[in-house]
Amino acid sequence: MSESERKARAERLAALRAAGLDPYPARVGPLLRLAEIRRHHDAKDVAALDAAALQVRVAGRVLAIRSFGKLVFMTLFEDGVQLQASFRKPELSPEVLALLALVDVGDFVRAEGVLWRTRTGELTVGARALAVVAKCLHPLPEKWHGLVDVERRYRQRYLDLLVNPEARRIAVTRSRSVTALRAFLDGRSFLEVETPVLQPLYGGAAARPFVTHYDVYDQDVYLRISDELYLKRLVIGGFDRVYEIGHNFRNEGVSRKHNPEFAMMECYQAYADYRDMMELVQAMLQHVVSAVTGGTRVAYREQQIEFGGAWPQLAIRDGILERTGVDVLAAADFATLRARVIEKGLDAGDAPTWGQLVDHLFSLHVEPTLVQPTFVTDYPVELSPLAKRSLTDPRLVERFELFVGGMELANAFSELNDPADQRGRFEEQRRAKAAGDAEAHPLDEEFLLAMEHGMPPTGGLGVGIDRVVMVLCDAAHLREVLLFPYMKPGE
RNA sequence: GGGCGCGUAGCUCAAUUGGCAGAGCAAGAGACUCUUAAUCUCUAGGUUCGGGGUUCGACUCCCCGCGCGCUCACCA
């Protein structure tokens with residue numbers, strides 16, 4: 001039966017206990033880390049190792065056992081590093097000999113002995129002592145093909161991380177990227193803060209929120225869709241440079257580039273505008289790319305992305321004009337633009353307004369072509385209720401989005417700080433919501449009150465961490481860079 | 001949510017027109033003192049995702065459900 005292997009493991013667990021050994025001891029004693037051993041002794045040859053006669057004690061998970069009768073090899077794995085242990089049966093005590101027969105692939109063991117090098121050149125712990133420090137009750141996925149089943153890779157990520165080096169590499173790269181991001185912002189005197197995830201009113205983006213319930217107050221509350229409105233309150237409160245790295249939640253569909261829960265870095269800088277944010281995000285990502293790759297280039301989906309140098313800017317109108325022949329600024333109202341689009345034989349989708357149709361055209365025709373880092377500018381005001389109007393054209397705002405690899409990685413603007421204009425934008429959003437736009441921004445009186453107390457001119461920036469990591473890791477799907485992507489309950 | 005596809009041993013995968021459900025690895029027994037996908041011999045291992053139907057006979061065809069993937073929509 002399928003349970004035969006689990007049964008065999010359970011029997012060996014019982015045998016350990018019967019021999020008076022604890023299969024899950026609390027302490028394993030002082031150890032040398034496998035990475036340390038490799039670092040110090042990988043270069044030593046047979047003679048040097050024999051002369052040194054280094055006694056080491058190590059621990060790790062058993063990834064493979066190869067038995068040759070009187071000689072047994074075991075591959076140990078600890079924190080991403082492998083080291084081989086060997087056991088010469090004639091030299092072992094009866095206790096160790098008996099214990100050796102009770103070790104399964106997947107168990108955590110401690111081994112102790114002298115370092116030597118095999119004929120094939122493998123650095124090896126010639127173990128004389130052995131202990132099981134944590135028993136594994138299930139077989140590990142097959143070592144050669146690894147774990148391929150996508151569903152199981154996500155549901156049981158611990159197995160994926162164990163047997164697929166790529167999964168581990170992505171997780172490590174992600175962590176290093178975030179560390180580099182923090183270091184960059186800290187270096188520019190930004191203060192890292194934390195704002196509420198659970199909010200009485202959501203805001204800061206155009207998205208449907210998750211709603212939950214607070215039992216004690218018998219009130220519905222929302223999971224945040226962005227950090228924006230709280231971070232701005234901090235700027236109003238006198239923190240001129242703040243940032244937050246956290247998760248946002250948007251009650252929307254899942255795709256290669258979208259997950260309902262995703263990581264975002266948002267930062268705000270007083271006395272800066274969106275042009276300053278351009279400089280900031282460019283330097284920031286160049287810093288991260290350099291920290292992770294050591295250079296300026298990244299291979300992503302069969303292409304080389306060059307992060308070095310100054311990144312080009314593209315007005316959203318110019319991008320659309322170039323790709324479709326439609327001048328969205330010449331077709332200045334919804335009906336005219338829609339007619340132009342249909343006349344050109346292009347898809348107008350079901351965009352209900354001029355701004356959303358512009359957005360539709362852009363995401364369909366321009367966005368996929370923006371592989372190299374590109375700043376897209378001059379967004380329609382109705383898509384940006386929290387951004388300052390452009391000085392030159394009141395239909396547009398001082399905003400850019402950064403595109404890399406055909407994906408939006410960042411979004412920034414000169415933050416609206418005129419409370420009257422802000423109230424007007426909220427009113428407009430309220431009308432859109434009444435007209436059926438489920439993603440329209442809600443009117444937030446508390447936020448307006450804060451802004452009425454005076455908010456300095458401020459530049460704001462949001463960076464999608466998951467997507468940045470996707471590019472850095474050449475991951476095809478957002479789920480690959482999330483350790484635990486959302487899965488429906490199985491079984 | 002729509003369309004298309006997938007679900008077989010612990011893992012990775014086969015199974016011809018609808019005709020006895022198999023292999024490699026893992027597991028169990030044995031041999032083997034330099035392997036690292038060790039090798040060799042033998043053994044065991046199945047509710048073919050779940051439920052219903054058609055049929056003499058269903059892994060295979062039909063219906064319903066669950067999960068996953070791709071894609072479109074929603075969405076930055």
# chains A, B, ... in the order shown; residues from 1 in each chain; ligands from 1
>>> residues_around(residues="range 68-74 of chain B", least_positions_apart="5", cutoff="9 Å", atoms="only C-alpha atoms (C1' of nucleotides)", output="ChimeraX atom specification")
/A:150-151,252-253 /B:1-7
>>> residues_around(residues="range 54-61 of chain B", least_positions_apart="5", cutoff="12 Å", atoms="only C-alpha atoms (C1' of nucleotides)", output="ChimeraX atom specification")
/B:7-8,14-21,46,48
>>> write_last_selection(atoms="C-alpha atoms (C1' of nucleotides)", output="PDB file, in the first residue's frame")
ATOM      1  C1'   G B   7      -5.696  14.923 -12.414  1.00  0.00           C
ATOM      2  C1'   U B   8      -2.907   7.040 -12.930  1.00  0.00           C
ATOM      3  C1'   A B  14       3.444   5.288 -19.697  1.00  0.00           C
ATOM      4  C1'   A B  15      -1.082   2.388 -20.954  1.00  0.00           C
ATOM      5  C1'   U B  16      -2.930   1.313 -29.171  1.00  0.00           C
ATOM      6  C1'   U B  17      -9.970   1.553 -31.736  1.00  0.00           C
ATOM      7  C1'   G B  18     -13.426   0.744 -24.997  1.00  0.00           C
ATOM      8  C1'   G B  19     -10.395  -5.330 -23.748  1.00  0.00           C
ATOM      9  C1'   C B  20      -5.784  -8.443 -17.754  1.00  0.00           C
ATOM     10  C1'   A B  21      -3.170  -0.843 -15.052  1.00  0.00           C
ATOM     11  C1'   G B  46      -3.376   1.160  -7.121  1.00  0.00           C
ATOM     12  C1'   U B  48      -6.748   5.525 -12.094  1.00  0.00           C
TER      13        U B  48
END
>>> interface_residues(of="chain A", to="chain B", cutoff="6 Å", atoms="only C-alpha atoms (C1' of nucleotides)", output="PyMOL selection string")
chain A and resi 1+5+68-71+118-119+141-142+144-145+151
>>> closest_residue(among="A:Arg208, A:Val289, A:Val471, A:Thr75", to="Lys433 in chain A", atoms="only C-alpha atoms")
A:Arg208
>>> residues_around(residues="range 258-265 of chain A", least_positions_apart="2", cutoff="7 Å", atoms="only C-alpha atoms (C1' of nucleotides)", output="list in words")
Tyr243, Glu244, Ile245, Gly246, His247, Asn248, Phe249, Arg250, Asn251, Glu252, Val254, Ser255, Arg256, Cys267, Gly462, Val463, Gly464, Ile465, Asp466 and Leu478 of chain A
>>> write_last_selection(atoms="N, CA and C atoms", output="mmCIF file, in the first residue's frame")
data_model
loop_
_atom_site.group_PDB
_atom_site.id
_atom_site.type_symbol
_atom_site.label_atom_id
_atom_site.label_comp_id
_atom_site.auth_asym_id
_atom_site.auth_seq_id
_atom_site.Cartn_x
_atom_site.Cartn_y
_atom_site.Cartn_z
ATOM 1 N N TYR A 243 8.964 55.697 4.656
ATOM 2 C CA TYR A 243 8.643 54.606 3.733
ATOM 3 C C TYR A 243 8.109 53.432 4.516
ATOM 4 N N GLU A 244 7.391 52.602 3.799
ATOM 5 C CA GLU A 244 6.852 51.388 4.399
ATOM 6 C C GLU A 244 6.962 50.264 3.385
ATOM 7 N N ILE A 245 7.345 49.108 3.865
ATOM 8 C CA ILE A 245 7.337 47.906 3.029
ATOM 9 C C ILE A 245 6.300 46.981 3.642
ATOM 10 N N GLY A 246 5.251 46.733 2.915
ATOM 11 C CA GLY A 246 4.191 45.922 3.501
ATOM 12 C C GLY A 246 3.315 45.300 2.438
ATOM 13 N N HIS A 247 2.289 44.641 2.913
ATOM 14 C CA HIS A 247 1.394 43.952 1.994
ATOM 15 C C HIS A 247 0.106 44.739 1.790
ATOM 16 N N ASN A 248 -0.334 44.784 0.538
ATOM 17 C CA ASN A 248 -1.639 45.324 0.201
ATOM 18 C C ASN A 248 -2.529 44.173 -0.239
ATOM 19 N N PHE A 249 -3.836 44.411 -0.126
ATOM 20 C CA PHE A 249 -4.801 43.355 -0.438
ATOM 21 C C PHE A 249 -5.849 43.918 -1.382
ATOM 22 N N ARG A 250 -5.991 43.302 -2.525
ATOM 23 C CA ARG A 250 -6.975 43.798 -3.481
ATOM 24 C C ARG A 250 -7.852 42.642 -3.937
ATOM 25 N N ASN A 251 -9.143 42.893 -3.806
ATOM 26 C CA ASN A 251 -10.126 41.821 -4.028
ATOM 27 C C ASN A 251 -10.401 41.672 -5.519
ATOM 28 N N GLU A 252 -9.392 41.180 -6.235
ATOM 29 C CA GLU A 252 -9.470 41.150 -7.687
ATOM 30 C C GLU A 252 -8.881 39.863 -8.223
ATOM 31 N N VAL A 254 -6.672 36.990 -10.293
ATOM 32 C CA VAL A 254 -5.288 36.542 -10.222
ATOM 33 C C VAL A 254 -4.760 36.383 -11.642
ATOM 34 N N SER A 255 -3.523 36.763 -11.859
ATOM 35 C CA SER A 255 -2.910 36.525 -13.161
ATOM 36 C C SER A 255 -1.413 36.366 -12.968
ATOM 37 N N ARG A 256 -0.721 36.249 -14.083
ATOM 38 C CA ARG A 256 0.726 36.135 -14.062
ATOM 39 C C ARG A 256 1.363 37.296 -13.307
ATOM 40 N N CYS A 267 7.025 55.206 -0.556
ATOM 41 C CA CYS A 267 7.786 56.219 0.168
ATOM 42 C C CYS A 267 7.317 57.610 -0.230
ATOM 43 N N GLY A 462 5.468 54.367 -5.293
ATOM 44 C CA GLY A 462 5.158 52.998 -4.890
ATOM 45 C C GLY A 462 5.874 52.029 -5.810
ATOM 46 N N VAL A 463 6.487 51.012 -5.225
ATOM 47 C CA VAL A 463 7.212 50.022 -6.029
ATOM 48 C C VAL A 463 6.661 48.627 -5.726
ATOM 49 N N GLY A 464 6.268 47.915 -6.746
ATOM 50 C CA GLY A 464 5.766 46.553 -6.583
ATOM 51 C C GLY A 464 6.919 45.584 -6.392
ATOM 52 N N ILE A 465 7.112 45.184 -5.154
ATOM 53 C CA ILE A 465 8.270 44.347 -4.815
ATOM 54 C C ILE A 465 8.243 43.022 -5.569
ATOM 55 N N ASP A 466 7.093 42.389 -5.592
ATOM 56 C CA ASP A 466 7.006 41.067 -6.221
ATOM 57 C C ASP A 466 7.432 41.126 -7.686
ATOM 58 N N LEU A 478 4.138 35.568 -11.086
ATOM 59 C CA LEU A 478 4.253 36.199 -9.775
ATOM 60 C C LEU A 478 4.294 35.160 -8.653
#
>>> residues_around(residues="Gly106 in chain A", least_positions_apart="4", cutoff="7 Å", atoms="only C-alpha atoms (C1' of nucleotides)", output="compact mmCIF listing (two decimals) with C-alpha atoms, in the first residue's frame")
# COMPACT_ATOMS: atom_id res chain seq x y z
CA ARG A 61 18.94 16.74 6.71
CA VAL A 62 19.78 13.47 5.00
CA LEU A 63 19.16 13.91 1.28
CA CYS A 136 11.05 12.46 9.00
CA PRO A 139 9.36 10.18 1.85
CA LEU A 140 10.89 13.21 0.16
>>> select_by_dssp(residues="range 134-357 of chain A", states="alpha helix (DSSP H)", output="PyMOL selection string")
chain A and resi 150-155+157-163+165-187+228-236+274-293+316-324+334-343+354-357
>>> residues_around(residues="Val103 in chain A", least_positions_apart="2", cutoff="9 Å", atoms="only C-alpha atoms (C1' of nucleotides)", output="list in words")
Arg9, Arg12, Val62, Ile65, Leu99, Leu100, Ala101, Val105, Gly106, Asp107, Phe108, Val109, Val132 and Lys135 of chain A
>>> write_last_selection(atoms="N, CA, C and O atoms", output="JSON list (two decimals), in the first residue's frame")
[["chain", "number", "residue", "atom", "x", "y", "z"],
["A", 9, "ARG", "N", 8.81, 3.92, 8.26],
["A", 9, "ARG", "CA", 9.42, 5.03, 9.00],
["A", 9, "ARG", "C", 8.91, 5.08, 10.43],
["A", 9, "ARG", "O", 9.66, 5.35, 11.37],
["A", 12, "ARG", "N", 10.69, 2.53, 12.42],
["A", 12, "ARG", "CA", 12.06, 2.92, 12.80],
["A", 12, "ARG", "C", 12.04, 3.98, 13.90],
["A", 12, "ARG", "O", 12.91, 4.01, 14.76],
["A", 62, "VAL", "N", 19.24, 14.50, 5.88],
["A", 62, "VAL", "CA", 19.78, 13.47, 5.00],
["A", 62, "VAL", "C", 19.05, 13.54, 3.66],
["A", 62, "VAL", "O", 17.84, 13.34, 3.59],
["A", 65, "ILE", "N", 21.17, 8.38, 0.76],
["A", 65, "ILE", "CA", 21.98, 7.37, 1.43],
["A", 65, "ILE", "C", 22.45, 6.39, 0.36],
["A", 65, "ILE", "O", 21.65, 5.88, -0.42],
["A", 99, "LEU", "N", 22.01, 2.16, 14.95],
["A", 99, "LEU", "CA", 21.33, 3.42, 14.65],
["A", 99, "LEU", "C", 21.33, 3.73, 13.15],
["A", 99, "LEU", "O", 20.36, 4.20, 12.58],
["A", 100, "LEU", "N", 22.46, 3.40, 12.52],
["A", 100, "LEU", "CA", 22.62, 3.66, 11.09],
["A", 100, "LEU", "C", 21.48, 3.02, 10.28],
["A", 100, "LEU", "O", 21.00, 3.58, 9.30],
["A", 101, "ALA", "N", 21.05, 1.85, 10.74],
["A", 101, "ALA", "CA", 19.99, 1.13, 10.02],
["A", 101, "ALA", "C", 18.62, 1.78, 10.20],
["A", 101, "ALA", "O", 17.68, 1.45, 9.50],
["A", 105, "VAL", "N", 16.13, 8.68, 4.53],
["A", 105, "VAL", "CA", 16.28, 9.92, 3.78],
["A", 105, "VAL", "C", 15.21, 10.89, 4.27],
["A", 105, "VAL", "O", 14.04, 10.54, 4.38],
["A", 106, "GLY", "N", 15.63, 12.11, 4.58],
["A", 106, "GLY", "CA", 14.69, 13.11, 5.09],
["A", 106, "GLY", "C", 14.90, 13.39, 6.57],
["A", 106, "GLY", "O", 14.53, 14.44, 7.06],
["A", 107, "ASP", "N", 15.52, 12.44, 7.28],
["A", 107, "ASP", "CA", 15.79, 12.64, 8.71],
["A", 107, "ASP", "C", 16.84, 13.74, 8.90],
["A", 107, "ASP", "O", 17.70, 13.95, 8.06],
["A", 108, "PHE", "N", 16.75, 14.42, 10.04],
["A", 108, "PHE", "CA", 17.84, 15.29, 10.47],
["A", 108, "PHE", "C", 18.75, 14.47, 11.37],
["A", 108, "PHE", "O", 18.27, 13.79, 12.29],
["A", 109, "VAL", "N", 20.06, 14.51, 11.09],
["A", 109, "VAL", "CA", 20.99, 13.76, 11.91],
["A", 109, "VAL", "C", 22.16, 14.65, 12.34],
["A", 109, "VAL", "O", 22.40, 15.71, 11.74],
["A", 132, "VAL", "N", 20.11, 10.65, 15.47],
["A", 132, "VAL", "CA", 18.95, 11.22, 14.79],
["A", 132, "VAL", "C", 18.45, 12.37, 15.65],
["A", 132, "VAL", "O", 18.19, 12.19, 16.84],
["A", 135, "LYS", "N", 13.18, 13.05, 13.30],
["A", 135, "LYS", "CA", 12.76, 11.99, 12.38],
["A", 135, "LYS", "C", 11.80, 12.54, 11.33],
["A", 135, "LYS", "O", 10.93, 13.37, 11.64]]
>>> residues_around(residues="Leu386 in chain A", least_positions_apart="3", cutoff="8 Å", atoms="only C-alpha atoms (C1' of nucleotides)", output="PyMOL selection string")
chain A and resi 204+415-416+422+425
>>> select_by_dssp(residues="range 188-249 of chain A", states="strand (DSSP E or B)", output="list of chain:residue names")
A:Leu191, A:Glu192, A:Leu198, A:Gln199, A:Val211, A:Thr212, A:His213, A:Tyr214, A:Gln219, A:Asp220, A:Val221, A:Tyr222, A:Leu223, A:Arg241, A:Val242, A:Tyr243, A:Glu244, A:Ile245, A:Gly246, A:His247, A:Asn248, A:Phe249
>>> write_last_selection(atoms="N, CA and C atoms", output="PDB file, in the first residue's frame")
ATOM      1  N   LEU A 191      12.709  57.303   6.922  1.00  0.00           N
ATOM      2  CA  LEU A 191      12.365  56.610   8.160  1.00  0.00           C
ATOM      3  C   LEU A 191      11.390  55.489   7.836  1.00  0.00           C
ATOM      4  N   GLU A 192      11.715  54.279   8.229  1.00  0.00           N
ATOM      5  CA  GLU A 192      10.790  53.177   7.967  1.00  0.00           C
ATOM      6  C   GLU A 192       9.697  53.162   9.029  1.00  0.00           C
ATOM      7  N   LEU A 198      -5.431  46.955   8.927  1.00  0.00           N
ATOM      8  CA  LEU A 198      -6.872  46.902   9.185  1.00  0.00           C
ATOM      9  C   LEU A 198      -7.378  48.339   9.265  1.00  0.00           C
ATOM     10  N   GLN A 199      -8.257  48.698   8.337  1.00  0.00           N
ATOM     11  CA  GLN A 199      -8.648  50.108   8.249  1.00  0.00           C
ATOM     12  C   GLN A 199     -10.170  50.261   8.234  1.00  0.00           C
ATOM     13  N   VAL A 211     -13.241  42.862   2.643  1.00  0.00           N
ATOM     14  CA  VAL A 211     -13.990  43.337   3.796  1.00  0.00           C
ATOM     15  C   VAL A 211     -13.980  42.242   4.848  1.00  0.00           C
ATOM     16  N   THR A 212     -13.745  42.641   6.091  1.00  0.00           N
ATOM     17  CA  THR A 212     -13.837  41.664   7.173  1.00  0.00           C
ATOM     18  C   THR A 212     -14.619  42.307   8.315  1.00  0.00           C
ATOM     19  N   HIS A 213     -14.760  41.578   9.388  1.00  0.00           N
ATOM     20  CA  HIS A 213     -15.626  42.078  10.449  1.00  0.00           C
ATOM     21  C   HIS A 213     -14.915  42.084  11.790  1.00  0.00           C
ATOM     22  N   TYR A 214     -15.084  43.219  12.482  1.00  0.00           N
ATOM     23  CA  TYR A 214     -14.494  43.354  13.812  1.00  0.00           C
ATOM     24  C   TYR A 214     -15.614  43.078  14.821  1.00  0.00           C
ATOM     25  N   GLN A 219     -18.351  45.994  13.624  1.00  0.00           N
ATOM     26  CA  GLN A 219     -18.189  46.876  12.471  1.00  0.00           C
ATOM     27  C   GLN A 219     -17.421  46.170  11.372  1.00  0.00           C
ATOM     28  N   ASP A 220     -17.800  46.482  10.135  1.00  0.00           N
ATOM     29  CA  ASP A 220     -17.001  46.001   9.017  1.00  0.00           C
ATOM     30  C   ASP A 220     -15.732  46.830   8.918  1.00  0.00           C
ATOM     31  N   VAL A 221     -14.630  46.177   8.652  1.00  0.00           N
ATOM     32  CA  VAL A 221     -13.370  46.877   8.430  1.00  0.00           C
ATOM     33  C   VAL A 221     -12.743  46.340   7.155  1.00  0.00           C
ATOM     34  N   TYR A 222     -11.761  47.081   6.629  1.00  0.00           N
ATOM     35  CA  TYR A 222     -11.149  46.721   5.354  1.00  0.00           C
ATOM     36  C   TYR A 222      -9.683  46.381   5.530  1.00  0.00           C
ATOM     37  N   LEU A 223      -9.204  45.476   4.701  1.00  0.00           N
ATOM     38  CA  LEU A 223      -7.766  45.285   4.588  1.00  0.00           C
ATOM     39  C   LEU A 223      -7.257  46.338   3.613  1.00  0.00           C
ATOM     40  N   ARG A 241      10.514  62.327   5.358  1.00  0.00           N
ATOM     41  CA  ARG A 241      10.869  61.199   4.495  1.00  0.00           C
ATOM     42  C   ARG A 241      10.473  59.896   5.196  1.00  0.00           C
ATOM     43  N   VAL A 242       9.448  59.260   4.690  1.00  0.00           N
ATOM     44  CA  VAL A 242       9.001  58.002   5.302  1.00  0.00           C
ATOM     45  C   VAL A 242       8.829  56.941   4.232  1.00  0.00           C
ATOM     46  N   TYR A 243       8.964  55.697   4.656  1.00  0.00           N
ATOM     47  CA  TYR A 243       8.643  54.606   3.733  1.00  0.00           C
ATOM     48  C   TYR A 243       8.109  53.432   4.516  1.00  0.00           C
ATOM     49  N   GLU A 244       7.391  52.602   3.799  1.00  0.00           N
ATOM     50  CA  GLU A 244       6.852  51.388   4.399  1.00  0.00           C
ATOM     51  C   GLU A 244       6.962  50.264   3.385  1.00  0.00           C
ATOM     52  N   ILE A 245       7.345  49.108   3.865  1.00  0.00           N
ATOM     53  CA  ILE A 245       7.337  47.906   3.029  1.00  0.00           C
ATOM     54  C   ILE A 245       6.300  46.981   3.642  1.00  0.00           C
ATOM     55  N   GLY A 246       5.251  46.733   2.915  1.00  0.00           N
ATOM     56  CA  GLY A 246       4.191  45.922   3.501  1.00  0.00           C
ATOM     57  C   GLY A 246       3.315  45.300   2.438  1.00  0.00           C
ATOM     58  N   HIS A 247       2.289  44.641   2.913  1.00  0.00           N
ATOM     59  CA  HIS A 247       1.394  43.952   1.994  1.00  0.00           C
ATOM     60  C   HIS A 247       0.106  44.739   1.790  1.00  0.00           C
ATOM     61  N   ASN A 248      -0.334  44.784   0.538  1.00  0.00           N
ATOM     62  CA  ASN A 248      -1.639  45.324   0.201  1.00  0.00           C
ATOM     63  C   ASN A 248      -2.529  44.173  -0.239  1.00  0.00           C
ATOM     64  N   PHE A 249      -3.836  44.411  -0.126  1.00  0.00           N
ATOM     65  CA  PHE A 249      -4.801  43.355  -0.438  1.00  0.00           C
ATOM     66  C   PHE A 249      -5.849  43.918  -1.382  1.00  0.00           C
TER      67      PHE A 249
END
>>> atom_distance(atom1="CA of Phe239 in chain A", atom2="CA of Val397 in chain A")
24.8 Å
>>> atom_distance(atom1="CA of Leu54 in chain A", atom2="CA of Glu78 in chain A")
19.5 Å
>>> atom_distance(atom1="CA of Tyr486 in chain A", atom2="CA of Arg224 in chain A")
17.3 Å
>>> residues_around(residues="Pro30 in chain A", least_positions_apart="2", cutoff="12 Å", atoms="only C-alpha atoms (C1' of nucleotides)", output="list of chain:residue names")
A:Arg27, A:Val28, A:Leu32, A:Arg33, A:Val56, A:Arg57, A:Val58, A:Ala59, A:Arg110, A:Ala111, A:Glu112
>>> write_last_selection(atoms="C-alpha atoms", output="PDB file, in the first residue's frame")
ATOM      1  CA  ARG A  27      19.440  20.100  21.960  1.00  0.00           C
ATOM      2  CA  VAL A  28      21.976  18.960  19.405  1.00  0.00           C
ATOM      3  CA  LEU A  32      30.078  23.503  12.783  1.00  0.00           C
ATOM      4  CA  ARG A  33      27.986  24.830   9.936  1.00  0.00           C
ATOM      5  CA  VAL A  56      34.059  18.048  13.202  1.00  0.00           C
ATOM      6  CA  ARG A  57      30.509  17.769  14.429  1.00  0.00           C
ATOM      7  CA  VAL A  58      27.774  18.649  11.968  1.00  0.00           C
ATOM      8  CA  ALA A  59      24.053  18.343  11.558  1.00  0.00           C
ATOM      9  CA  ARG A 110      24.098  14.809  13.764  1.00  0.00           C
ATOM     10  CA  ALA A 111      27.362  13.230  12.706  1.00  0.00           C
ATOM     11  CA  GLU A 112      30.810  13.523  14.157  1.00  0.00           C
TER      12      GLU A 112
END
